[in-house]
Amino acid sequence: MRRTSFKRVIIFLGLTLCYVLGEADLGLDTRKPKILDGKNVPNNPTRHAVKSIQSEDGDIIDCIDIYKQPSLDHPSLKNHIIQLAPSYNPNMEEIQTSEQPLRSVTSQVWQKSGSCPKGTIPVVRRTHNDDELLSNSRKKSPLTVHQRNHSKAILLTEGYNYAGVKADIKVWNPHVESDDEYSTSRISLRSGPWYDFESVEAGWAVNPGVYGDRQTRLFAYWTVDASKKTGCFDLTCPGFVQTSHEIALGAAIYPISVFRGLPYQITLFIFKDPNTNNLWVQYGERTNIGYWPPKLFTTLTYGAECAEWGGDVYSSKLEQVPHTETQMGNGNFPDYIDGNSGYMKRMRILDISLNLKFPEWVGTYADEYWCYQSQYVSDYVVDPEFYFGGPGRNEMCP
């Protein structure tokens with residue numbers, strides 16, 4: 001039994017070309033946890049480990065020589081020269097001209113057990129059943145799944161050429177019902193036609209299909225064809241070039257926000273270097289984790305057509321009864337009073353002239369309004385805020 005979803009779109013007509021006619025209507029899984037087939041899997045990076053760290057949460061972090069990282073196995077990156085740092089700091093003007101709010105920031109669990117030396121990058125070693133994770137990823141392949149398996153509640157903007165997207169993202173640990181489902185809170189840049197777009201994302205995720213557990217973990221994701229044949233989390237396949245020896249993609253985040261406790265959050269920034277066109281991911285306004293080289297993309301190399309902030313739930317039990325109980329945010333609908341929901345603050349875009357600012361205009365969008373909602377707040381606040389989330393199955397979303 002299928003239920004017709006109610007879509008609330010507070011949006012200009014042009015935005016529908018960016019999102020409503022985008023991956024949701026294509027009927028493809030646009031965010032599968034892609035692990036390449038055996039012939040394309042990079043060499044086991046652990047053989048290049050300079051040091052290994054046993055984290056208290058069970059993860060093993062291998063410190064890999066930066067010049068022997070698996071990402072460089074991508075055919076487009078043959079003889080690639082690593083850019084160790086961006087050519088400029090896109091945050092500098094905002095830091096100098098605005099009062100910085102107090103924020104409760106997070107770290108990563110493994111950092112309590114050690115650190116990787118300079119000249120290496122931290123890589124989370126897979127300690128789970130790789131065959132099972134590979135099987136799960138294939139089940140989610142868009143080549144075999146022909147239904148709408150994503151439910152988003154987002155704030156988005158389009159109409160210009162975007163060189164970056166940024167936000168403070170509150171960190172929660174939502175319930176994920178099944179091992180083949182996931183929940184994320186992320187920022188994203190996207191470009192290209194709805195049936196074959198390119199996109200990059202960064203945020204936090206609870207994704208047992210990729211990580212083998214239900215911890216909240218830092219992630220980055222990219223695709224160049226609406227995830228029909230490409231799509232990759234973190235360093236699970238070649239592409240993303242890591243430069244930081246401090247932050248590990250795919251590692252658990254701590255502390256986690258709790259109701260009436262400190263609002264722990266991460267600050268993430270995806271931005272294009274104007275001199276190299278590398279798409280950098282920055283963590284906490286000081287740590288440049290790494291970048292996607294321009295040779296991976298076609299349209300994104302010249303700028304993005306859309307910027308997004310918000311949550312995404314993947315499940316095969318969307319728009320039907322019974323609906324999945326997988327939560328978005330912390331499982332609550334938007335709560336701008338107490339902040340007891342998913343939220344993003346200090347949202348910024350970097351325009352093509354390298355101005356870091358709030359976008360000219362924005363719109364909210366929700367695939368399943370009675371399951372996951374979005375709320376934009378701009379009145380009586382110093383800086384616009386975006387609240388989102390929901391419990392999934394409930395009385396209004398049976």
# chains A, B, ... in the order shown; residues from 1 in each chain; ligands from 1
$ closest_atom_pairs --of "region 285-375 of chain A" --to "region 62-72 of chain A" --cutoff "12 Å" --atoms "only C-alpha atoms" --output "Markdown table"
| residue | atom | partner | partner_atom | distance |
| --- | --- | --- | --- | --- |
| A:Gly290 | CA | A:Ser71 | CA | 10.9 |
| A:Tyr291 | CA | A:Ser71 | CA | 10.5 |
| A:Trp292 | CA | A:Ser71 | CA | 9.7 |
| A:Pro293 | CA | A:Ser71 | CA | 10.5 |
| A:Leu296 | CA | A:Ser71 | CA | 11.5 |
$ write_last_selection --atoms "N, CA and C atoms" --output "tab-separated table (two decimals), in the first residue's frame"
chain	number	residue	atom	x	y	z
A	290	GLY	N	40.91	17.71	3.15
A	290	GLY	CA	41.39	17.26	1.84
A	290	GLY	C	40.47	17.80	0.76
A	291	TYR	N	40.56	17.22	-0.44
A	291	TYR	CA	39.82	17.80	-1.56
A	291	TYR	C	39.50	16.75	-2.62
A	292	TRP	N	38.49	17.10	-3.43
A	292	TRP	CA	38.20	16.36	-4.65
A	292	TRP	C	38.86	17.11	-5.81
A	293	PRO	N	39.76	16.48	-6.55
A	293	PRO	CA	40.42	17.16	-7.68
A	293	PRO	C	39.43	17.45	-8.81
A	296	LEU	N	37.96	14.89	-11.53
A	296	LEU	CA	36.87	13.95	-11.26
A	296	LEU	C	35.56	14.43	-11.87
$ residues_around --residues "region 171-180 of chain A" --least-positions-apart "2" --cutoff "6 Å" --atoms "only C-alpha atoms" --output "list in words"
Pro208, Gly209, Thr216, Ile256, Ser257, Tyr264, Gln265, Glu325, Thr326, Gln327 and Asn330 of chain A
$ closest_residue --among "A:Pro122, A:Gly390, A:Asp338, A:Gln54" --to "Phe259 (chain A)" --atoms "only C-alpha atoms"
A:Asp338
$ select_by_dssp --residues "region 82-276 of chain A" --states "strand (DSSP E)" --output "PyMOL selection string"
chain A and resi 104-105+107-108+120-125+150-170+182-191+198-206+217-223+232-233+241-242+253-254+264-272
$ atom_distance --atom1 "CA of Asp213 (chain A)" --atom2 "CA of Tyr314 (chain A)"
15.8 Å
$ residues_around --residues "Tyr343 (chain A)" --least-positions-apart "2" --cutoff "8 Å" --atoms "only C-alpha atoms" --output "ChimeraX atom specification"
/A:169-170,310,329,334,339,341,345,385-388
$ write_last_selection --atoms "all heavy atoms" --output "CSV table (one decimal), in the first residue's frame"
chain,number,residue,atom,x,y,z
A,169,ILE,N,26.5,22.5,12.1
A,169,ILE,CA,25.6,21.4,12.1
A,169,ILE,C,25.5,20.8,13.4
A,169,ILE,O,26.5,20.3,13.9
A,169,ILE,CB,26.0,20.3,11.0
A,169,ILE,CG1,26.2,21.0,9.7
A,169,ILE,CG2,24.9,19.3,10.9
A,169,ILE,CD1,26.8,20.0,8.6
A,170,LYS,N,24.3,20.8,14.0
A,170,LYS,CA,24.2,20.1,15.3
A,170,LYS,C,24.3,18.6,15.2
A,170,LYS,O,23.7,18.0,14.3
A,170,LYS,CB,22.8,20.5,16.0
A,170,LYS,CG,22.7,20.1,17.4
A,170,LYS,CD,21.5,20.7,18.1
A,170,LYS,CE,21.5,20.4,19.6
A,170,LYS,NZ,20.3,21.1,20.3
A,310,GLY,N,20.7,20.4,5.2
A,310,GLY,CA,19.6,19.7,5.7
A,310,GLY,C,19.8,18.2,5.9
A,310,GLY,O,21.0,17.7,5.9
A,329,GLY,N,17.7,14.0,12.0
A,329,GLY,CA,18.0,14.9,13.1
A,329,GLY,C,18.1,14.1,14.4
A,329,GLY,O,19.0,13.2,14.5
A,334,PRO,N,11.0,20.0,13.6
A,334,PRO,CA,11.7,21.2,13.9
A,334,PRO,C,11.3,21.9,15.1
A,334,PRO,O,10.1,22.1,15.4
A,334,PRO,CB,11.5,22.0,12.6
A,334,PRO,CG,11.2,21.0,11.6
A,334,PRO,CD,10.5,19.9,12.2
A,339,GLY,N,15.6,24.2,20.3
A,339,GLY,CA,16.7,23.7,19.5
A,339,GLY,C,16.8,22.2,19.6
A,339,GLY,O,17.8,21.6,19.3
A,341,SER,N,16.1,19.6,18.0
A,341,SER,CA,15.9,18.9,16.7
A,341,SER,C,17.1,19.1,15.9
A,341,SER,O,18.1,19.7,16.3
A,341,SER,CB,14.7,19.5,15.9
A,341,SER,OG,14.9,20.9,15.6
A,345,LYS,N,23.1,26.4,11.5
A,345,LYS,CA,23.2,27.8,11.8
A,345,LYS,C,24.5,28.3,11.0
A,345,LYS,O,25.3,27.6,10.5
A,345,LYS,CB,23.3,28.1,13.3
A,345,LYS,CG,22.1,27.7,14.0
A,345,LYS,CD,22.2,28.1,15.5
A,345,LYS,CE,20.9,27.7,16.3
A,345,LYS,NZ,21.0,28.1,17.7
A,385,GLU,N,18.4,30.8,10.6
A,385,GLU,CA,18.6,29.5,11.1
A,385,GLU,C,17.6,28.5,10.4
A,385,GLU,O,16.6,28.9,9.9
A,385,GLU,CB,18.3,29.4,12.6
A,385,GLU,CG,19.2,30.4,13.4
A,385,GLU,CD,18.8,30.5,14.9
A,385,GLU,OE1,17.7,29.9,15.2
A,385,GLU,OE2,19.6,31.1,15.7
A,386,PHE,N,18.1,27.2,10.3
A,386,PHE,CA,17.3,26.2,9.6
A,386,PHE,C,17.1,25.0,10.6
A,386,PHE,O,18.1,24.5,11.0
A,386,PHE,CB,17.9,25.8,8.3
A,386,PHE,CG,17.2,24.7,7.6
A,386,PHE,CD1,15.9,24.8,7.2
A,386,PHE,CD2,17.8,23.5,7.3
A,386,PHE,CE1,15.2,23.8,6.6
A,386,PHE,CE2,17.2,22.5,6.7
A,386,PHE,CZ,15.8,22.6,6.3
A,387,TYR,N,15.9,24.6,10.8
A,387,TYR,CA,15.6,23.5,11.7
A,387,TYR,C,14.9,22.4,10.9
A,387,TYR,O,14.0,22.7,10.0
A,387,TYR,CB,14.7,23.9,12.8
A,387,TYR,CG,15.3,24.9,13.8
A,387,TYR,CD1,15.4,26.3,13.5
A,387,TYR,CD2,16.0,24.5,14.9
A,387,TYR,CE1,16.0,27.2,14.3
A,387,TYR,CE2,16.6,25.4,15.8
A,387,TYR,CZ,16.6,26.7,15.4
A,387,TYR,OH,17.3,27.6,16.3
A,388,PHE,N,15.2,21.2,11.2
A,388,PHE,CA,14.7,20.1,10.3
A,388,PHE,C,14.6,18.8,11.2
A,388,PHE,O,15.3,18.7,12.2
A,388,PHE,CB,15.5,19.9,9.1
A,388,PHE,CG,16.9,19.5,9.3
A,388,PHE,CD1,17.3,18.2,9.4
A,388,PHE,CD2,17.9,20.5,9.6
A,388,PHE,CE1,18.7,17.9,9.6
A,388,PHE,CE2,19.2,20.2,9.8
A,388,PHE,CZ,19.6,18.9,9.8
$ residues_around --residues "Trp309 (chain A)" --least-positions-apart "5" --cutoff "6 Å" --atoms "only C-alpha atoms" --output "compact mmCIF listing (two decimals) with N, CA and C atoms, in the first residue's frame"
# COMPACT_ATOMS: atom_id res chain seq x y z
N ILE A 154 15.15 19.91 3.52
CA ILE A 154 16.32 20.73 3.22
C ILE A 154 15.96 22.20 3.03
N LEU A 155 16.99 23.01 3.13
CA LEU A 155 16.98 24.40 2.70
C LEU A 155 17.91 24.47 1.50
N ILE A 187 25.75 19.24 4.26
CA ILE A 187 25.74 20.32 3.29
C ILE A 187 26.12 19.75 1.94
$ residues_around --residues "Ser378 (chain A)" --least-positions-apart "2" --cutoff "12 Å" --atoms "only C-alpha atoms" --output "MDAnalysis selection string"
chainID A and resid 336 345:347 358 361:363 375:376 380:387
$ closest_residue --among "A:Ser76, A:Thr106, A:Thr236, A:Asn91" --to "Leu350 (chain A)" --atoms "only C-alpha atoms"
A:Asn91
$ residues_around --residues "Arg125 (chain A)" --least-positions-apart "4" --cutoff "8 Å" --atoms "only C-alpha atoms" --output "short mmCIF file (atom, residue, chain, number, x, y, z; two decimals) with N, CA and C atoms, in the first residue's frame"
data_model
loop_
_atom_site.label_atom_id
_atom_site.label_comp_id
_atom_site.auth_asym_id
_atom_site.auth_seq_id
_atom_site.Cartn_x
_atom_site.Cartn_y
_atom_site.Cartn_z
N THR A 46 46.48 -0.64 4.47
CA THR A 46 47.14 -0.96 5.74
C THR A 46 48.60 -1.35 5.54
N ASP A 59 37.26 1.09 16.77
CA ASP A 59 37.90 1.38 15.48
C ASP A 59 39.43 1.23 15.57
N ILE A 60 40.02 0.89 14.46
CA ILE A 60 41.47 0.91 14.32
C ILE A 60 41.80 1.96 13.27
N ILE A 61 42.62 2.92 13.64
CA ILE A 61 43.02 3.98 12.73
C ILE A 61 44.44 3.72 12.26
N ASP A 62 44.62 3.56 10.95
CA ASP A 62 45.95 3.39 10.37
C ASP A 62 46.46 4.72 9.85
#
$ select_by_dssp --residues "region 51-246 of chain A" --states "helix (DSSP H, G or I)" --output "ChimeraX atom specification"
/A:66-68,70-73,75-77,92-97,109-112,130-139,208-211
